[in-house]
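Novice: This is the structure I have questions about; it appears just below.
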Amino acid sequence: MKTAIVTDSTAYIPKDIREKLNIHVIPLSVVFGNESYKEEVEITIDDFYEKIRRSKVLPKTTQPSTGMFTELFERLAKDYDAVISIHLSSGISGTYQGAVTAGNMVDSIKVYPFDSEISCMAQGLIAIEAAEMALKGEEPETILRRLEQMRANMRAYFMVDDLSHLQRGGRLSGAQALIGSLLQVKPILHFQNKVIVPFEKVRTRKKAVSRIFELFGEDAKTGRPMKAVIIHGNREEEALKWKEELSALYPHVEFWISYFGPVIATHLGEGAMGLCWIKD
């Protein structure tokens, strides 16, 4: 069986990897006023920050239409027997549900929607694994079992400079009563039950970084090979420093550097930093 792998643009998988592994991407969009831009297609992350600086207003974000999904699935049906469609957490976006709806509308190909329950390159690692398995001819059910295992063993913690973006966009859940106090600190955030919630309250950015490193170290100290991704919001230099420091401590870990693209950066704001890893 020939299986296609689809993900959405918030996975932020490098173009060369997407092309090498035949990963198909459906874009989400950012909307500045009356102008809508498909991320990773019509707007780059550099373009995004330039627009933010000029307008001083954060855009809105939109998910792909059901029609975009059905069009893609029907096109893939010409060359594939099945599709595994991997998307950002259903707790923060309707994109996954869009894939479910479209999959039920398409008769020409079997669609397996998969909720990554996370986003960014953490989601990207799941899509990459799926694509590598698909290229080896693995059956969809076998691939999905592996993806479920990865999802269960994935850890991700991040911090933002300004929680107001998450609060305004409704992406910060289970903490409304704490917002007042949280705005005075640098909380560490994570995904829990598909939504973003505070993990710990930390007073300073430096302490937040130290705590994230400590959490990572608890899993990395086993010495088993691991993959980890450092994700930044227009803070590449800081991300490189994280990689240098962590690589020296954990040479058995393969570190990647990625970024919060336009859609996710809209909700996290500039200066956000995160660390994700798979604890197999």
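In the structure tokens, chains take letters A, B, ... by order of appearance, with residues numbered from 1 within each chain and ligands from 1 in the order shown.
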List every residue of stretch 17-197 of chain A that DSSP, applied to the backbone of this structure, assigns to alpha helix (DSSP H), and report them as a ChimeraX atom specification.
Specialist: /A:17-21,45-55,66-76,95-105,120-135,140-152,164-168,179-182
Novice: For A:Phe199, find every residue with an atom within 10 Å (counting only C-alpha atoms), except residues of its own chain fewer than 3 positions away, and show them as number ranges by chain.
Specialist: A: 157-158, 187-192, 196, 202
Novice: Just all heavy atoms for this one: save the residues we selected as a short mmCIF file (atom, residue, chain, number, x, y, z; two decimals), in the first residue's frame.
Specialist:
```cif
data_model
loop_
_atom_site.label_atom_id
_atom_site.label_comp_id
_atom_site.auth_asym_id
_atom_site.auth_seq_id
_atom_site.Cartn_x
_atom_site.Cartn_y
_atom_site.Cartn_z
N TYR A 157 8.22 22.06 26.50
CA TYR A 157 8.01 23.17 27.43
C TYR A 157 8.46 24.45 26.74
O TYR A 157 9.43 24.46 25.98
CB TYR A 157 8.83 22.96 28.71
CG TYR A 157 8.43 21.70 29.45
CD1 TYR A 157 9.10 20.50 29.24
CD2 TYR A 157 7.37 21.72 30.36
CE1 TYR A 157 8.73 19.34 29.90
CE2 TYR A 157 6.99 20.55 31.04
CZ TYR A 157 7.68 19.37 30.80
OH TYR A 157 7.30 18.23 31.46
N PHE A 158 7.74 25.52 26.98
CA PHE A 158 8.10 26.78 26.35
C PHE A 158 7.73 27.95 27.23
O PHE A 158 7.00 27.82 28.21
CB PHE A 158 7.47 26.91 24.96
CG PHE A 158 5.96 26.80 24.92
CD1 PHE A 158 5.17 27.93 24.80
CD2 PHE A 158 5.35 25.56 24.99
CE1 PHE A 158 3.79 27.83 24.76
CE2 PHE A 158 3.96 25.46 24.94
CZ PHE A 158 3.18 26.60 24.82
N PRO A 187 6.05 32.38 33.27
CA PRO A 187 5.64 30.98 33.47
C PRO A 187 6.17 30.07 32.39
O PRO A 187 6.31 30.45 31.23
CB PRO A 187 4.12 31.06 33.42
CG PRO A 187 3.83 32.22 32.54
CD PRO A 187 4.91 33.22 32.85
N ILE A 188 6.44 28.83 32.79
CA ILE A 188 6.73 27.78 31.82
C ILE A 188 5.40 27.17 31.42
O ILE A 188 4.56 26.85 32.27
CB ILE A 188 7.66 26.72 32.45
CG1 ILE A 188 9.02 27.35 32.81
CG2 ILE A 188 7.86 25.54 31.50
CD1 ILE A 188 9.90 26.45 33.65
N LEU A 189 5.20 27.02 30.13
CA LEU A 189 3.94 26.50 29.60
C LEU A 189 4.16 25.13 28.96
O LEU A 189 5.28 24.79 28.58
CB LEU A 189 3.36 27.46 28.56
CG LEU A 189 3.17 28.91 29.01
CD1 LEU A 189 2.86 29.81 27.81
CD2 LEU A 189 2.07 29.03 30.05
N HIS A 190 3.08 24.37 28.85
CA HIS A 190 3.16 23.10 28.11
C HIS A 190 1.76 22.73 27.63
O HIS A 190 0.78 23.39 27.97
CB HIS A 190 3.79 21.99 28.98
CG HIS A 190 2.92 21.52 30.11
ND1 HIS A 190 2.96 20.23 30.60
CD2 HIS A 190 1.98 22.14 30.87
CE1 HIS A 190 2.11 20.09 31.60
NE2 HIS A 190 1.50 21.22 31.79
N PHE A 191 1.71 21.68 26.81
CA PHE A 191 0.42 21.17 26.36
C PHE A 191 -0.05 20.10 27.33
O PHE A 191 0.72 19.21 27.70
CB PHE A 191 0.53 20.55 24.96
CG PHE A 191 0.44 21.55 23.84
CD1 PHE A 191 1.58 22.22 23.39
CD2 PHE A 191 -0.77 21.82 23.23
CE1 PHE A 191 1.51 23.13 22.34
CE2 PHE A 191 -0.86 22.73 22.18
CZ PHE A 191 0.27 23.40 21.74
N GLN A 192 -1.31 20.20 27.71
CA GLN A 192 -1.92 19.18 28.55
C GLN A 192 -3.35 18.98 28.07
O GLN A 192 -4.10 19.95 27.97
CB GLN A 192 -1.90 19.62 30.02
CG GLN A 192 -2.37 18.56 30.99
CD GLN A 192 -2.24 19.04 32.43
OE1 GLN A 192 -2.95 19.94 32.87
NE2 GLN A 192 -1.31 18.45 33.16
N ILE A 196 -2.93 24.55 25.85
CA ILE A 196 -1.77 25.16 26.48
C ILE A 196 -2.14 25.61 27.88
O ILE A 196 -3.09 26.37 28.08
CB ILE A 196 -1.27 26.36 25.66
CG1 ILE A 196 -0.85 25.91 24.25
CG2 ILE A 196 -0.10 27.06 26.36
CD1 ILE A 196 -0.60 27.06 23.29
N VAL A 202 7.58 30.88 37.19
CA VAL A 202 8.98 31.19 37.45
C VAL A 202 9.14 32.70 37.37
O VAL A 202 8.50 33.35 36.54
CB VAL A 202 9.91 30.50 36.42
CG1 VAL A 202 11.36 30.76 36.74
CG2 VAL A 202 9.64 29.00 36.38
#
```
Novice: Nearest to A:Pro262: which of A:Tyr112, A:Tyr96, A:Tyr80, A:Tyr12 is it, counting only C-alpha atoms?
Specialist: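 Among A:Tyr112, A:Tyr96, A:Tyr80, A:Tyr12, it is A:Tyr12 that comes nearest to A:Pro262.
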Novice: Tell me which protein, DNA and RNA residues are within 6 Å of A:Gly233, counting only C-alpha atoms, leaving out same-chain ones fewer than 2 positions away, and put them as JSON, numbers by chain.
Specialist: {"A": [235, 259, 260, 270, 271, 272]}
Novice: Suppose we keep N, CA and C atoms; can you now write the selection as a PDB file, in the first residue's frame?
Specialist:
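After the write, selection.pdb holds the following:
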```pdb
ATOM      1  N   ARG A 235      14.621  34.553  17.759  1.00  0.00           N
ATOM      2  CA  ARG A 235      15.748  34.584  18.700  1.00  0.00           C
ATOM      3  C   ARG A 235      16.755  33.499  18.311  1.00  0.00           C
ATOM      4  N   TYR A 259      11.713  27.159  14.477  1.00  0.00           N
ATOM      5  CA  TYR A 259      11.182  28.486  14.822  1.00  0.00           C
ATOM      6  C   TYR A 259       9.665  28.443  14.958  1.00  0.00           C
ATOM      7  N   PHE A 260       9.135  29.411  15.661  1.00  0.00           N
ATOM      8  CA  PHE A 260       7.696  29.622  15.707  1.00  0.00           C
ATOM      9  C   PHE A 260       7.339  30.462  14.484  1.00  0.00           C
ATOM     10  N   GLU A 270       6.863  37.657  19.866  1.00  0.00           N
ATOM     11  CA  GLU A 270       8.302  37.590  19.652  1.00  0.00           C
ATOM     12  C   GLU A 270       9.014  37.288  20.972  1.00  0.00           C
ATOM     13  N   GLY A 271      10.108  36.551  20.874  1.00  0.00           N
ATOM     14  CA  GLY A 271      10.902  36.269  22.069  1.00  0.00           C
ATOM     15  C   GLY A 271      10.586  34.950  22.733  1.00  0.00           C
ATOM     16  N   ALA A 272       9.559  34.235  22.255  1.00  0.00           N
ATOM     17  CA  ALA A 272       9.235  32.943  22.824  1.00  0.00           C
ATOM     18  C   ALA A 272      10.351  31.935  22.562  1.00  0.00           C
TER      19      ALA A 272
END
```
Novice: Between atom CA of A:Ser85 and atom CA of A:Arg155, what is the distance in Å, rounded to a tenth?
Specialist: 21.3 Å
Novice: Which parts of stretch 44-247 of chain A does DSSP call strand (DSSP E) when run on the backbone here, written out as a ChimeraX atom specification?
Specialist: /A:60-62,82-87,110-115,154-159,188-192,195-200,226-232
Novice: Do you have the atom CA of A:Ala77-atom CA of A:Asp16 distance handy?
Specialist: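 It comes out at 23.7 Å.
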